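**Student:** The structure file structure09.json (JSON, C-alpha atoms) is provided below.
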[["chain", "number", "residue", "atom", "x", "y", "z"],
["A", 1017, "MET", "CA", 58.56, 13.13, -24.76],
["A", 1018, "THR", "CA", 56.90, 14.48, -21.63],
["A", 1019, "ASP", "CA", 55.69, 18.08, -21.79],
["A", 1020, "ILE", "CA", 57.15, 20.16, -18.94],
["A", 1021, "THR", "CA", 55.54, 23.28, -17.53],
["A", 1022, "ARG", "CA", 56.58, 26.15, -15.28],
["A", 1023, "LEU", "CA", 53.78, 26.94, -12.87],
["A", 1024, "GLU", "CA", 52.87, 30.31, -11.43],
["A", 1025, "ALA", "CA", 54.48, 31.65, -8.26],
["A", 1026, "LYS", "CA", 53.61, 34.57, -5.97],
["A", 1027, "VAL", "CA", 56.21, 37.26, -5.25],
["A", 1028, "LEU", "CA", 56.09, 40.30, -3.00],
["A", 1029, "LEU", "CA", 56.84, 43.43, -5.07],
["A", 1030, "LEU", "CA", 58.40, 46.23, -2.99],
["A", 1031, "GLU", "CA", 59.18, 49.02, -5.46],
["A", 1032, "SER", "CA", 58.40, 52.73, -4.97],
["A", 1033, "ASP", "CA", 59.61, 53.94, -8.39],
["A", 1034, "SER", "CA", 56.55, 53.87, -10.70],
["A", 1035, "VAL", "CA", 58.62, 53.27, -13.85],
["A", 1036, "GLN", "CA", 60.51, 50.37, -12.31],
["A", 1037, "ARG", "CA", 57.31, 49.00, -10.76],
["A", 1038, "ASP", "CA", 55.56, 48.92, -14.14],
["A", 1039, "ARG", "CA", 58.61, 47.29, -15.73],
["A", 1040, "LEU", "CA", 58.70, 44.63, -13.02],
["A", 1041, "ARG", "CA", 54.99, 43.97, -13.33],
["A", 1042, "ALA", "CA", 55.46, 43.28, -17.04],
["A", 1043, "PHE", "CA", 58.47, 41.11, -16.23],
["A", 1044, "CYS", "CA", 56.42, 39.11, -13.71],
["A", 1045, "ALA", "CA", 53.56, 38.63, -16.14],
["A", 1046, "GLU", "CA", 55.97, 37.34, -18.78],
["A", 1047, "LEU", "CA", 57.54, 34.77, -16.44],
["A", 1048, "GLY", "CA", 54.35, 33.63, -14.72],
["A", 1049, "LEU", "CA", 55.00, 35.44, -11.46],
["A", 1050, "VAL", "CA", 51.98, 36.82, -9.60],
["A", 1051, "ALA", "CA", 53.19, 40.19, -8.29],
["A", 1052, "LEU", "CA", 51.78, 41.45, -4.97],
["A", 1053, "PRO", "CA", 52.71, 45.17, -4.80],
["A", 1054, "ARG", "CA", 53.09, 46.52, -1.26],
["A", 1055, "SER", "CA", 54.58, 49.54, 0.45],
["A", 1056, "ALA", "CA", 57.53, 49.17, 2.82],
["A", 1057, "ALA", "CA", 55.23, 49.70, 5.79],
["A", 1058, "GLU", "CA", 53.06, 46.80, 4.59],
["A", 1059, "ALA", "CA", 55.92, 44.44, 3.76],
["A", 1060, "LEU", "CA", 56.30, 42.53, 7.03],
["A", 1061, "LEU", "CA", 52.53, 42.43, 7.55],
["A", 1062, "ALA", "CA", 52.19, 40.96, 4.05],
["A", 1063, "LEU", "CA", 54.48, 38.11, 5.11],
["A", 1064, "ASP", "CA", 51.97, 37.26, 7.85],
["A", 1065, "GLU", "CA", 49.08, 37.51, 5.40],
["A", 1066, "HIS", "CA", 50.63, 35.38, 2.64],
["A", 1067, "LYS", "CA", 52.08, 32.01, 3.68],
["A", 1068, "ASP", "CA", 52.63, 30.75, 0.13],
["A", 1069, "LEU", "CA", 55.18, 33.09, -1.42],
["A", 1070, "ALA", "CA", 58.06, 32.18, -3.73],
["A", 1071, "GLY", "CA", 60.22, 35.29, -3.41],
["A", 1072, "VAL", "CA", 60.56, 39.06, -2.96],
["A", 1073, "LEU", "CA", 61.45, 41.78, -5.47],
["A", 1074, "LEU", "CA", 62.87, 44.69, -3.46],
["A", 1075, "ALA", "CA", 64.29, 48.12, -4.34],
["A", 1076, "GLN", "CA", 67.28, 49.45, -2.37],
["A", 1077, "ASP", "CA", 65.87, 53.01, -2.49],
["A", 1078, "MET", "CA", 62.53, 51.92, -1.01],
["A", 1079, "PRO", "CA", 61.61, 54.43, 1.73],
["A", 1080, "CYS", "CA", 61.25, 52.45, 4.93],
["A", 1081, "ALA", "CA", 61.71, 52.47, 8.69],
["A", 1082, "GLN", "CA", 64.77, 50.21, 8.34],
["A", 1083, "GLY", "CA", 66.70, 53.03, 6.59],
["A", 1084, "ASP", "CA", 66.79, 51.55, 3.10],
["A", 1085, "GLY", "CA", 65.88, 48.46, 1.13],
["A", 1086, "ILE", "CA", 68.94, 46.65, 2.41],
["A", 1087, "GLY", "CA", 67.71, 47.01, 5.99],
["A", 1088, "LEU", "CA", 64.22, 45.94, 4.95],
["A", 1089, "GLY", "CA", 65.68, 42.93, 3.13],
["A", 1090, "LEU", "CA", 67.50, 41.89, 6.30],
["A", 1091, "ALA", "CA", 64.21, 42.12, 8.24],
["A", 1092, "ILE", "CA", 62.42, 40.03, 5.62],
["A", 1093, "ARG", "CA", 65.12, 37.36, 5.66],
["A", 1094, "ALA", "CA", 65.04, 37.27, 9.45],
["A", 1095, "GLN", "CA", 61.30, 36.59, 9.35],
["A", 1096, "ARG", "CA", 61.30, 34.23, 6.32],
["A", 1097, "PRO", "CA", 64.85, 33.06, 5.50],
["A", 1098, "GLU", "CA", 63.58, 30.54, 2.94],
["A", 1099, "LEU", "CA", 62.36, 33.29, 0.59],
["A", 1100, "PRO", "CA", 64.86, 34.47, -2.07],
["A", 1101, "VAL", "CA", 65.13, 38.27, -2.11],
["A", 1102, "PHE", "CA", 66.19, 40.03, -5.33],
["A", 1103, "LEU", "CA", 67.54, 43.53, -4.56],
["A", 1104, "ARG", "CA", 67.53, 46.26, -7.21],
["A", 1105, "ARG", "CA", 70.60, 48.41, -6.52],
["A", 1106, "SER", "CA", 70.45, 52.20, -6.50],
["A", 1107, "ALA", "CA", 72.90, 55.01, -5.84],
["A", 1108, "GLY", "CA", 72.68, 54.34, -2.11],
["A", 1109, "ARG", "CA", 75.27, 52.79, 0.15],
["A", 1110, "GLU", "CA", 77.29, 49.72, -0.74],
["A", 1111, "PRO", "CA", 76.05, 46.66, 1.15],
["A", 1112, "SER", "CA", 78.59, 44.88, 3.32],
["A", 1113, "ALA", "CA", 79.85, 41.39, 2.49],
["A", 1114, "ASP", "CA", 77.52, 39.88, 5.10],
["A", 1115, "GLU", "CA", 74.56, 41.87, 3.78],
["A", 1116, "LYS", "CA", 75.25, 40.68, 0.23],
["A", 1117, "GLN", "CA", 74.85, 37.10, 1.43],
["A", 1118, "THR", "CA", 71.26, 37.95, 2.39],
["A", 1119, "PHE", "CA", 70.16, 38.40, -1.21],
["A", 1120, "ALA", "CA", 69.66, 35.92, -4.02],
["A", 1121, "LEU", "CA", 70.71, 38.66, -6.47],
["A", 1122, "LEU", "CA", 71.95, 42.26, -6.47],
["A", 1123, "TRP", "CA", 70.97, 43.70, -9.84],
["A", 1124, "GLU", "CA", 70.99, 47.07, -11.58],
["A", 1125, "ALA", "CA", 67.91, 48.70, -13.11],
["A", 1126, "GLY", "CA", 67.58, 47.64, -16.73],
["A", 1127, "ASP", "CA", 69.54, 44.40, -16.36],
["A", 1128, "MET", "CA", 66.47, 42.22, -16.75],
["A", 1129, "ASP", "CA", 68.51, 39.32, -18.16],
["A", 1130, "ALA", "CA", 70.37, 38.94, -14.87],
["A", 1131, "LEU", "CA", 67.09, 39.06, -12.96],
["A", 1132, "ARG", "CA", 65.50, 36.53, -15.29],
["A", 1133, "THR", "CA", 68.41, 34.12, -14.89],
["A", 1134, "ALA", "CA", 68.33, 34.39, -11.10],
["A", 1135, "VAL", "CA", 64.55, 33.91, -10.93],
["A", 1136, "GLU", "CA", 64.68, 30.85, -13.16],
["A", 1137, "ARG", "CA", 67.56, 29.39, -11.13],
["A", 1138, "THR", "CA", 65.86, 29.88, -7.76],
["A", 1139, "ILE", "CA", 62.09, 30.26, -7.93],
["A", 1140, "PHE", "CA", 61.68, 27.91, -10.89],
["A", 1141, "SER", "CA", 64.45, 25.44, -10.08],
["A", 1142, "LEU", "CA", 61.99, 22.54, -10.47],
["A", 1143, "LEU", "CA", 59.73, 22.05, -13.48],
["A", 1144, "TYR", "CA", 56.74, 19.72, -13.59],
["A", 1145, "PRO", "CA", 55.27, 17.45, -16.31],
["A", 1146, "VAL", "CA", 51.92, 18.80, -17.52],
["A", 1147, "SER", "CA", 50.25, 15.39, -17.32],
["A", 1148, "LEU", "CA", 51.46, 14.91, -13.74],
["A", 1149, "VAL", "CA", 50.06, 18.24, -12.55],
["A", 1150, "ARG", "CA", 46.74, 17.67, -14.29],
["A", 1151, "GLY", "CA", 46.58, 14.11, -13.01],
["A", 1152, "VAL", "CA", 47.34, 15.10, -9.40],
["A", 1153, "VAL", "CA", 44.53, 17.65, -9.40],
["A", 1154, "ASP", "CA", 42.15, 15.21, -11.08],
["A", 1155, "LEU", "CA", 42.74, 12.34, -8.64],
["A", 1156, "SER", "CA", 42.74, 14.68, -5.62],
["A", 1157, "LEU", "CA", 39.40, 16.22, -6.64],
["A", 1158, "SER", "CA", 37.96, 12.74, -7.14],
["A", 1159, "SER", "CA", 39.17, 11.64, -3.70],
["A", 1160, "LEU", "CA", 37.85, 14.73, -1.94],
["A", 1161, "ARG", "CA", 34.49, 14.45, -3.68],
["A", 1162, "SER", "CA", 34.18, 10.82, -2.59],
["A", 1163, "MET", "CA", 34.94, 11.80, 1.03],
["A", 1164, "PHE", "CA", 32.70, 14.90, 0.90],
["A", 1165, "PRO", "CA", 29.83, 13.92, -1.45],
["A", 1166, "ASN", "CA", 27.62, 16.79, -0.25],
["A", 1167, "ALA", "CA", 30.21, 19.50, -0.93],
["A", 1168, "GLN", "CA", 31.09, 21.43, -4.04],
["A", 1169, "VAL", "CA", 34.84, 20.85, -4.40],
["A", 1170, "ASP", "CA", 36.97, 23.20, -6.51],
["A", 1171, "ALA", "CA", 40.72, 23.65, -6.99],
["A", 1172, "ASP", "CA", 42.75, 26.79, -7.51],
["A", 1173, "PRO", "CA", 45.36, 26.74, -10.29],
["A", 1174, "PRO", "CA", 48.52, 24.97, -9.01],
["A", 1175, "TYR", "CA", 51.58, 27.08, -8.22],
["A", 1176, "VAL", "CA", 55.01, 26.76, -6.62],
["A", 1177, "VAL", "CA", 56.05, 28.06, -3.21],
["A", 1178, "HIS", "CA", 59.29, 28.57, -1.29],
["A", 1179, "ASP", "CA", 57.53, 29.33, 1.99],
["A", 1180, "ARG", "CA", 57.68, 26.67, 4.67],
["A", 1181, "ILE", "CA", 54.72, 27.91, 6.73],
["A", 1182, "ILE", "CA", 51.99, 25.36, 7.50],
["A", 1183, "HIS", "CA", 48.36, 26.27, 6.78],
["A", 1184, "GLY", "CA", 46.17, 25.55, 9.80],
["A", 1185, "GLU", "CA", 46.70, 23.32, 12.80],
["A", 1186, "ILE", "CA", 46.40, 19.83, 11.27],
["A", 1187, "SER", "CA", 48.85, 18.36, 8.78],
["A", 1188, "THR", "CA", 49.37, 14.91, 7.36],
["A", 1189, "LEU", "CA", 52.54, 13.67, 5.70],
["A", 1190, "ILE", "CA", 52.95, 10.60, 3.50],
["A", 1191, "ALA", "CA", 55.99, 9.40, 1.55],
["A", 1192, "LEU", "CA", 56.05, 9.17, -2.26],
["A", 1193, "GLU", "CA", 58.66, 6.98, -3.91],
["A", 1194, "SER", "CA", 59.12, 5.91, -7.51],
["A", 1195, "THR", "CA", 61.83, 5.59, -10.13],
["A", 1196, "TRP", "CA", 61.35, 9.26, -11.03],
["A", 1197, "CYS", "CA", 60.70, 10.85, -7.62],
["A", 1198, "ARG", "CA", 61.19, 10.56, -3.88],
["A", 1199, "GLY", "CA", 59.55, 12.93, -1.46],
["A", 1200, "TYR", "CA", 56.31, 13.59, 0.37],
["A", 1201, "MET", "CA", 52.74, 14.75, 0.00],
["A", 1202, "MET", "CA", 51.20, 16.96, 2.68],
["A", 1203, "LEU", "CA", 47.63, 17.96, 3.39],
["A", 1204, "GLN", "CA", 47.03, 20.92, 5.69],
["A", 1205, "THR", "CA", 43.86, 22.49, 7.05],
["A", 1206, "GLN", "CA", 42.36, 24.34, 10.00],
["A", 1207, "GLU", "CA", 40.91, 22.12, 12.71],
["A", 1208, "ASP", "CA", 37.83, 24.25, 13.40],
["A", 1209, "ALA", "CA", 37.05, 24.63, 9.68],
["A", 1210, "LEU", "CA", 37.20, 20.87, 9.12],
["A", 1211, "ARG", "CA", 35.08, 20.22, 12.23],
["A", 1212, "GLN", "CA", 32.52, 22.79, 11.09],
["A", 1213, "GLY", "CA", 32.41, 21.26, 7.62],
["A", 1214, "LEU", "CA", 31.64, 17.85, 9.11],
["A", 1215, "VAL", "CA", 28.98, 19.30, 11.41],
["A", 1216, "GLN", "CA", 27.34, 21.01, 8.42],
["A", 1217, "GLY", "CA", 27.13, 17.66, 6.63],
["A", 1218, "LEU", "CA", 29.67, 18.17, 3.85],
["A", 1219, "SER", "CA", 30.66, 14.52, 4.31],
["A", 1220, "TYR", "CA", 28.29, 11.53, 4.35],
["A", 1221, "GLU", "CA", 24.64, 11.75, 5.39],
["A", 1222, "GLY", "CA", 24.19, 11.15, 9.08],
["A", 1223, "VAL", "CA", 27.69, 12.28, 10.00],
["A", 1224, "GLY", "CA", 27.28, 14.96, 12.63],
["A", 1225, "GLY", "CA", 27.60, 15.69, 16.29],
["A", 1226, "ASP", "CA", 30.59, 16.80, 18.28],
["A", 1227, "PHE", "CA", 33.96, 15.73, 16.85],
["A", 1228, "ASN", "CA", 37.03, 15.51, 19.04],
["A", 1229, "PHE", "CA", 40.51, 16.19, 17.68],
["A", 1230, "ARG", "CA", 41.26, 12.48, 17.17],
["A", 1231, "GLU", "CA", 38.26, 12.05, 14.89],
["A", 1232, "ILE", "CA", 39.28, 15.17, 12.97],
["A", 1233, "ASN", "CA", 42.82, 13.82, 12.61],
["A", 1234, "ASN", "CA", 41.48, 10.48, 11.38],
["A", 1235, "MET", "CA", 39.35, 12.20, 8.72],
["A", 1236, "LEU", "CA", 42.32, 14.07, 7.26],
["A", 1237, "GLY", "CA", 44.36, 10.87, 7.47],
["A", 1238, "GLU", "CA", 41.72, 8.98, 5.48],
["A", 1239, "ILE", "CA", 41.69, 11.68, 2.80],
["A", 1240, "THR", "CA", 45.49, 11.57, 2.60],
["A", 1241, "ASN", "CA", 45.50, 7.79, 2.26],
["A", 1242, "LEU", "CA", 42.84, 7.89, -0.46],
["A", 1243, "ILE", "CA", 44.79, 10.42, -2.54],
["A", 1244, "TRP", "CA", 48.05, 8.52, -1.96],
["A", 1245, "GLY", "CA", 46.45, 5.27, -3.14],
["A", 1246, "ALA", "CA", 45.20, 6.91, -6.33],
["A", 1247, "PHE", "CA", 48.63, 8.47, -6.93],
["A", 1248, "LYS", "CA", 50.34, 5.13, -6.33],
["A", 1249, "ASN", "CA", 48.04, 3.25, -8.71],
["A", 1250, "ARG", "CA", 48.47, 5.80, -11.48],
["A", 1251, "TYR", "CA", 52.12, 6.82, -11.24],
["A", 1252, "ILE", "CA", 54.13, 4.25, -9.32],
["A", 1253, "PRO", "CA", 54.92, 0.85, -10.90],
["A", 1254, "PRO", "CA", 54.81, -2.09, -8.44],
["A", 1255, "GLN", "CA", 58.55, -2.71, -8.77],
["A", 1256, "ALA", "CA", 59.53, 0.95, -8.51],
["A", 1257, "PHE", "CA", 62.40, 1.95, -6.26],
["A", 1258, "ALA", "CA", 64.51, 5.07, -6.67],
["A", 1259, "ASN", "CA", 68.24, 4.49, -6.95],
["A", 1260, "GLN", "CA", 69.08, 7.11, -4.35],
["A", 1261, "GLN", "CA", 68.18, 6.08, -0.81],
["A", 1262, "THR", "CA", 69.49, 9.13, 1.07],
["A", 1263, "GLN", "CA", 67.41, 10.74, 3.78],
["A", 1264, "VAL", "CA", 67.38, 14.23, 5.29],
["A", 1265, "PRO", "CA", 65.92, 15.39, 8.62],
["A", 1266, "ILE", "CA", 62.45, 16.91, 8.57],
["A", 1267, "VAL", "CA", 62.18, 19.83, 11.01],
["A", 1268, "ILE", "CA", 58.77, 20.85, 12.40],
["A", 1269, "ASN", "CA", 58.29, 23.87, 14.67],
["A", 1270, "HIS", "CA", 54.67, 23.77, 15.84],
["A", 1271, "ALA", "CA", 54.85, 27.11, 17.64],
["A", 1272, "HIS", "CA", 55.63, 28.87, 14.35],
["A", 1273, "ARG", "CA", 53.73, 26.43, 12.09],
["A", 1274, "TYR", "CA", 56.97, 25.85, 10.22],
["A", 1275, "ILE", "CA", 58.23, 22.72, 8.47],
["A", 1276, "SER", "CA", 61.48, 22.17, 6.58],
["A", 1277, "PHE", "CA", 62.39, 19.17, 4.44],
["A", 1278, "GLY", "CA", 66.08, 20.05, 4.25],
["A", 1279, "SER", "CA", 65.87, 21.32, 0.67],
["A", 1280, "PRO", "CA", 65.63, 24.85, -0.80],
["A", 1281, "ASP", "CA", 63.68, 23.58, -3.83],
["A", 1282, "PRO", "CA", 60.19, 24.95, -4.50],
["A", 1283, "GLN", "CA", 57.14, 22.87, -3.64],
["A", 1284, "LEU", "CA", 54.10, 22.15, -5.80],
["A", 1285, "CYS", "CA", 51.07, 23.64, -4.03],
["A", 1286, "ILE", "CA", 47.33, 23.26, -4.73],
["A", 1287, "ARG", "CA", 44.48, 24.74, -2.67],
["A", 1288, "TYR", "CA", 41.09, 22.98, -2.61],
["A", 1289, "HIS", "CA", 37.89, 24.69, -1.48],
["A", 1290, "LEU", "CA", 34.88, 22.73, -0.19],
["A", 1291, "ARG", "CA", 31.61, 24.63, -0.15],
["A", 1292, "ASP", "CA", 28.14, 23.90, 1.13],
["A", 1293, "ARG", "CA", 25.91, 23.91, -1.97],
["A", 1294, "THR", "CA", 22.93, 25.09, 0.10],
["A", 1295, "ARG", "CA", 24.78, 27.98, 1.79],
["A", 1296, "SER", "CA", 26.52, 29.98, -0.93],
["A", 1297, "HIS", "CA", 27.77, 32.67, 1.46],
["A", 1298, "ALA", "CA", 29.31, 30.28, 3.99],
["A", 1299, "VAL", "CA", 33.08, 30.34, 4.40],
["A", 1300, "PRO", "CA", 34.51, 27.35, 2.49],
["A", 1301, "LEU", "CA", 36.70, 24.66, 4.00],
["A", 1302, "THR", "CA", 40.20, 25.03, 2.51],
["A", 1303, "ILE", "CA", 42.59, 22.07, 2.24],
["A", 1304, "VAL", "CA", 46.13, 22.86, 1.09],
["A", 1305, "GLN", "CA", 48.09, 20.14, -0.71],
["A", 1306, "ARG", "CA", 51.86, 20.24, -1.18],
["A", 1307, "PHE", "CA", 54.21, 17.93, -3.02],
["A", 1308, "ILE", "CA", 57.82, 18.02, -1.86],
["A", 1309, "PHE", "CA", 60.27, 16.16, -4.10],
["A", 1310, "ASN", "CA", 63.27, 16.78, -1.88],
["A", 1311, "LEU", "CA", 65.07, 13.43, -2.20],
["A", 1312, "HIS", "CA", 64.90, 12.65, -5.92],
["A", 1313, "TRP", "CA", 63.30, 14.44, -8.87],
["A", 1314, "SER", "CA", 63.70, 13.37, -12.52],
["A", 1315, "PRO", "CA", 60.75, 14.71, -14.51],
["A", 1316, "GLU", "CA", 62.39, 13.52, -17.73],
["A", 1317, "GLN", "CA", 61.92, 9.95, -16.44],
["A", 1318, "PHE", "CA", 58.30, 10.53, -15.55],
["A", 1319, "ALA", "CA", 55.75, 8.36, -17.30],
["A", 1320, "GLU", "CA", 52.14, 7.86, -16.44],
["A", 1321, "PHE", "CA", 51.92, 4.30, -15.18],
["A", 1322, "SER", "CA", 48.18, 3.87, -15.60],
["A", 1323, "VAL", "CA", 46.11, 5.98, -17.99],
["A", 1324, "PRO", "CA", 42.84, 7.11, -16.35],
["A", 1325, "THR", "CA", 39.76, 5.33, -17.65],
["A", 1326, "ALA", "CA", 37.79, 8.55, -17.98],
["A", 1327, "GLU", "CA", 38.64, 12.10, -18.90],
["A", 1328, "SER", "CA", 38.53, 14.79, -16.23],
["A", 1329, "ASP", "CA", 35.20, 16.52, -15.81],
["A", 1330, "ASN", "CA", 35.11, 19.66, -17.89],
["A", 1331, "THR", "CA", 33.65, 21.86, -15.18],
["A", 1332, "GLY", "CA", 35.65, 24.96, -15.92],
["A", 1333, "GLU", "CA", 36.90, 25.08, -12.32],
["A", 1334, "LEU", "CA", 40.56, 24.56, -13.14],
["A", 1335, "ASP", "CA", 42.65, 26.32, -15.74],
["A", 1336, "LEU", "CA", 46.29, 25.35, -15.45],
["A", 1337, "PHE", "CA", 47.82, 26.88, -18.53]]
Take the structure in the file and write it out as structure tokens.

**Tutor:**
Amino acid sequence: MTDITRLEAKVLLLESDSVQRDRLRAFCAELGLVALPRSAAEALLALDEHKDLAGVLLAQDMPCAQGDGIGLGLAIRAQRPELPVFLRRSAGREPSADEKQTFALLWEAGDMDALRTAVERTIFSLLYPVSLVRGVVDLSLSSLRSMFPNAQVDADPPYVVHDRIIHGEISTLIALESTWCRGYMMLQTQEDALRQGLVQGLSYEGVGGDFNFREINNMLGEITNLIWGAFKNRYIPPQAFANQQTQVPIVINHAHRYISFGSPDPQLCIRYHLRDRTRSHAVPLTIVQRFIFNLHWSPEQFAEFSVPTAESDNTGELDLF
């Protein structure tokens, strides 16, 4: 039996009532949601600041420039339609039929069961095997350390996102296909940060000079291929083919750094930070990894194909659960 886990997820908390805000904070902590409290005036700016959200908890009686929480919810959905918005009703006006379609849930204060059900159905619609998540981080860290032997490489705890905003200017995309999954792995980073990391010598000795965008692209491509190869060797049997061979269009809008895989399901997200050991105050190079199982996902069929020969380093840098 494969152990399944529900990872953390970040949600914007827009609630002006202190009692309700405290109740929702406790609710978020119980479910593994990382609540980001903001005022109505900060809400849309917070969407620009955080590109890895999973949803929004919003109060109808939130004082705001849009008139009420319903108007603010419409503005949020216009800016990030992929984010589910859960609206706490108040004694204010009745939303129209079209406005109701904007929200993942309209719920009354105190009805936490309804909110819990809606959150589990939307934000946590996909669950992940513990050994898969740990293995992905382990093999990705190993690959990054081999490509950047002079860097200290750490990983943040994995989490799930509903946002479709790309981090940085460079992205790679590679298909993953097995009997238990079909989808993609993405790596994303900022071009200047990766170039600066190479100039500073985070990679191999002697690598330096001026890098053009093609060389930068090739570096991220090599990292992607290395991680994919390790994933393939560990989790994909040689004869593996998923039964379902459907495809969906992938939409990329470079102007808005937006990508859609044609599925509302959450994505597994891990952020890696590469630091210069000799310059502790330098800004680290961040590489964002996403797994998108949009074509086929059967975690109950997951089995580790090849057990690693060595245990993960116990560095204390990653605490999943």

**Student:** Env of Arg1230 (chain A): 12 Å cut, atoms = only C-alpha atoms, seq-sep filter 5 positions within chain, self excluded. Answer as an NGL selection string.

**Tutor:** :A and (1186 or 1207 or 1211 or 1235-1237)

**Student:** Hey, can you spit out that residue selection with C-alpha atoms as an mmCIF file, in the frame of the given file?

**Tutor:**
data_model
loop_
_atom_site.group_PDB
_atom_site.id
_atom_site.type_symbol
_atom_site.label_atom_id
_atom_site.label_comp_id
_atom_site.auth_asym_id
_atom_site.auth_seq_id
_atom_site.Cartn_x
_atom_site.Cartn_y
_atom_site.Cartn_z
ATOM 1 C CA ILE A 1186 46.400 19.830 11.270
ATOM 2 C CA GLU A 1207 40.910 22.120 12.710
ATOM 3 C CA ARG A 1211 35.080 20.220 12.230
ATOM 4 C CA MET A 1235 39.350 12.200 8.720
ATOM 5 C CA LEU A 1236 42.320 14.070 7.260
ATOM 6 C CA GLY A 1237 44.360 10.870 7.470
#

**Student:** Could you work out how far CA of Ala1091 (chain A) lies from CA of Gly1048 (chain A), giving the answer in Å with one decimal?

**Tutor:**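 About the pair CA of Gly1048 (chain A) and CA of Ala1091 (chain A): they are 26.4 Å apart.
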
**Student:** What's the separation between CA of Ile1092 (chain A) and CA of Ser1279 (chain A), in Å to one decimal place?

**Tutor:**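 Between CA of Ile1092 (chain A) and CA of Ser1279 (chain A) the gap is 19.7 Å.
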
**Student:** Select, from A:Gln1036, A:Asn1234, A:Ser1141, A:Gln1117, the residue with the minimum atom-to-atom distance to Thr1021 (chain A), counting all atoms listed in the file.

**Tutor:** A:Ser1141

**Student:** Do you know which residues are at most 12 Å from Ser1112 (chain A) counting only C-alpha atoms, after dropping those on the same chain fewer than 6 positions away, and could you put them as a list in words?

**Tutor:** Ile1086, Gly1087, Leu1090, Thr1118 and Phe1119 of chain A

**Student:** Skip Glu1316 (chain A) itself and residues of its chain fewer than 6 positions away, then list as a PyMOL selection string all residues within 12 Å of it, counting all atoms listed in the file.

**Tutor:** chain A and resi 1017-1021+1142-1146+1148+1195-1197

**Student:** Taking all atoms listed in the file into account, name the residue in A:Arg1306, A:Arg1096, A:His1066, A:His1289 that is nearest to Gln1204 (chain A).

**Tutor:**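 The shortest atom-to-atom distance to Gln1204 (chain A) comes from A:Arg1306.
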
**Student:** Pick out the closest residue to Pro1282 (chain A) from this set: A:Gln1206, A:Asn1310, A:Ser1162, A:Thr1294. Count all atoms listed in the file.

**Tutor:**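 Among A:Gln1206, A:Asn1310, A:Ser1162, A:Thr1294, it is A:Asn1310 that comes nearest to Pro1282 (chain A).
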
**Student:** One decimal, Å: what's the distance from CA of Pro1079 (chain A) over to CA of Ile1139 (chain A), could you say?

**Tutor:**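 Separation between CA of Pro1079 (chain A) and CA of Ile1139 (chain A): 26.0 Å.
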
**Student:** Write out as a ChimeraX atom specification the residues lying within 6 Å of Leu1290 (chain A), counting all atoms listed in the file and excluding same-chain residues fewer than 5 positions away.

**Tutor:** /A:1167-1169,1300-1301

**Student:** Using all atoms listed in the file, give me every residue within 12 Å of (34.4, 20.1, 15.9) in file coordinates, as a VMD selection string.

**Tutor:** chain A and resid 1206 to 1216 1223 to 1233 1235

**Student:** Neighbouring residues of Val1035 (chain A) were defined as those with any atom within 12 Å, considering only C-alpha atoms; residues of the same chain fewer than 5 positions away were excluded. Please report them as a PyMOL selection string.

**Tutor:** chain A and resi 1040-1042+1125-1126

**Student:** Which residue out of A:Ser1055, A:Ser1156, A:Ser1187, A:Ser1106 has the minimum interatomic distance to Leu1088 (chain A) when only C-alpha atoms are used?

**Tutor:**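 Closest to Leu1088 (chain A), using only C-alpha atoms: A:Ser1055.
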
**Student:** Any chance you could work out the axis-aligned box around region 1105-1122 of chain A, listed atoms only, 5 Å on each side, giving centre and edge lengths in Å to one decimal, as AutoDock Vina command-line options?

**Tutor:**
--center_x 74.8 --center_y 45.5 --center_z -0.7 --size_x 20.2 --size_y 29.1 --size_z 21.6
